[in-house]
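*Asks:* Pasting a structure here, questions to come.
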Amino acid sequence: MSKIVACYKWVLDESDIRINSDLSVDFSKAKGKISDYDRNAIEAAVKLAEAVGAKPVGLTFGSSKARQSLKDALSRGLEEAFWVKAEEAENADGAVTARALAAGIKAMGDVALVICAEGASDTYARQTASRIGALLDLPVVTSVLRVTVEGNTVTAVRKLDDCLETVKFELPGVISVLPEAFQPTIPGLKAVMAAGKKPVTEYDCGSLGVNLVSARKVMEVKAYAQERRNIIIEGDNAAAKVAAVVSNLKKEGVL
């Protein structure tokens with residue numbers, strides 16, 4: 001049976017991240033979670049697999065910390081999970097991540113469709129789907145709002161800045177879905193219990209021959225502090241107040 005693969009990322013929960021007075025970022029108490037947007041990709045894989053009779057599976061690239069994600073992913077309707085493991089994943093850039101995921105897709109075989117989120121909730125770099133498609137020489141459609149599969153043909157509606165665009169391509173291929181495209185299901189107790197019995201395949205990056213050398217190195221992470229003008233516009237004349245707001249926005253280069 002052909003597989004529909006949902007790629008997902010294990011990220012830090014942003015609600016647990018703290019900013020210190022010197023703008024340094026404290027990740028020490030942050031727990032992990034499946035990226036919020038990647039949950040939508042998982043839901044898309046499950047729904048499309050049901051429609052076409054394919055097998056929905058999950059694929060993640062991560063360090064040993066990513067082990068925590070497997071049961072959660074499987075509880076969301078996936079039938080099997082694949083994990084490309086490397087401790088270097090903690091500091092991997094988009095190129096390394098795509099190479100690892102593409103290697104995992106090649107290793108599992110018989111993949112009809114790869115689904116990514118438009119971006120991960122920690123970086124939202126919007127690179128993964130396009131990079132995977134380039135590495136595997138597959139058609140890629142990004143910014144997908146709606147998608148259907150009939151036979152071997154995928155019809156996807158893309159949400160662009162000023163219009164909707166409908167495109168078609170033949171399987172196999174890669175798509176990235178927008179956050180509003182699919183609403184993730186909250187797993188029930190029965191689904192969570194069943195997830196522990198589903199198969200998990202672990203790949204070692206070394207055995208897959210993945211190049212784990214990142215092209216960039218993170219030197220420092222600091223919070224961004226926004227400077228506010230604190231301009232107060234007074235008066236009772238609404239038109240004059242609106243004109244003052246517009247004038248100030250033009251001075252700031254917003255308009």
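Each chain of the structure tokens is named A, B, ... in the order shown, its residues numbered from 1; ligands are numbered from 1 in display order.
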What lies within 9 Å of Val192 (chain A) using only C-alpha atoms, ignoring chain neighbours under 4 positions off, as a list in words?

*Replies:*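 Listed by chain and then number, they are Lys71, Asp72, Leu74, Ser75, Arg76, Pro187, Gly188 and Gly196 of chain A.
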
*Asks:* Please produce a file of those selected residues containing C-alpha atoms, as a compact mmCIF listing (two decimals), in the first residue's frame.

*Replies:*
# COMPACT_ATOMS: atom_id res chain seq x y z
CA LYS A 71 3.33 8.33 20.55
CA ASP A 72 1.70 11.74 20.21
CA LEU A 74 0.62 8.08 16.25
CA SER A 75 -2.32 9.00 18.48
CA ARG A 76 -3.41 11.50 15.82
CA PRO A 187 -6.70 12.53 20.36
CA GLY A 188 -9.02 10.70 22.73
CA GLY A 196 1.69 2.67 22.02

*Asks:* Extract, using only C-alpha atoms, all DNA, RNA and protein residues at most 12 Å from region 63-69 of chain A, discarding same-chain residues fewer than 2 positions from it, and format them as a PyMOL selection string.

*Replies:* chain A and resi 8-12+31-35+38-39+58-61+71-76+81-92+97+100+195-196+200-205

*Asks:* For Leu113 (chain A), please output as a VMD selection string all residues within 12 Å (counting only C-alpha atoms; exclusion window: fewer than 2 positions along the same chain).

*Replies:* chain A and resid 2 to 7 41 44 to 46 48 to 49 52 54 to 58 105 109 to 111 115 to 116 129 132 to 133 136 138 to 141 147 to 149 152 to 154 169 to 176

*Asks:* For the residues selected in the previous step, produce a file with C-alpha atoms as a compact mmCIF listing (two decimals), in the first residue's frame.

*Replies:*
# COMPACT_ATOMS: atom_id res chain seq x y z
CA SER A 2 1.32 3.44 -0.92
CA LYS A 3 2.16 5.82 1.89
CA ILE A 4 1.14 9.41 2.51
CA VAL A 5 3.87 10.89 4.68
CA ALA A 6 3.35 13.72 7.16
CA CYS A 7 6.66 15.37 8.06
CA ALA A 41 0.02 18.34 8.20
CA ALA A 44 -4.07 16.29 6.20
CA ALA A 45 -2.21 13.01 5.76
CA VAL A 46 -4.81 11.08 7.75
CA LEU A 48 -6.27 12.17 2.42
CA ALA A 49 -5.16 8.60 3.19
CA VAL A 52 -7.69 7.28 -1.37
CA ALA A 54 -3.36 4.89 1.34
CA LYS A 55 -1.40 4.39 4.56
CA PRO A 56 -0.81 7.57 6.62
CA VAL A 57 2.61 7.63 8.28
CA GLY A 58 4.67 10.20 10.15
CA ILE A 105 11.47 9.01 2.53
CA GLY A 109 9.83 3.41 -0.09
CA ASP A 110 6.48 3.43 -1.94
CA VAL A 111 5.61 7.01 -1.03
CA ILE A 115 2.91 16.58 3.26
CA CYS A 116 4.65 19.32 5.23
CA ALA A 129 8.72 21.08 1.34
CA ILE A 132 12.58 17.87 -0.14
CA GLY A 133 11.01 18.16 -3.59
CA LEU A 136 13.82 13.87 -4.59
CA LEU A 138 9.35 15.65 -7.26
CA PRO A 139 6.75 18.32 -8.07
CA VAL A 140 6.12 20.72 -5.17
CA VAL A 141 3.05 22.82 -4.40
CA VAL A 147 -6.39 19.59 -1.67
CA THR A 148 -8.06 16.54 -3.23
CA VAL A 149 -6.67 13.35 -4.75
CA ASN A 152 -3.12 9.60 -9.51
CA THR A 153 -3.99 13.30 -9.84
CA VAL A 154 -3.68 15.86 -7.05
CA PHE A 169 0.09 17.41 -10.68
CA GLU A 170 0.59 13.67 -10.92
CA LEU A 171 1.76 11.60 -7.96
CA PRO A 172 4.25 11.25 -6.40
CA GLY A 173 4.74 14.79 -5.14
CA VAL A 174 5.20 17.14 -2.19
CA ILE A 175 2.82 19.74 -0.76
CA SER A 176 2.90 22.17 2.14

*Asks:* Rounded to one decimal in Å, what is the spacing between CA of Glu180 (chain A) and CA of Ala103 (chain A)?

*Replies:*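 For CA of Glu180 (chain A) relative to CA of Ala103 (chain A), the distance reads 28.8 Å.
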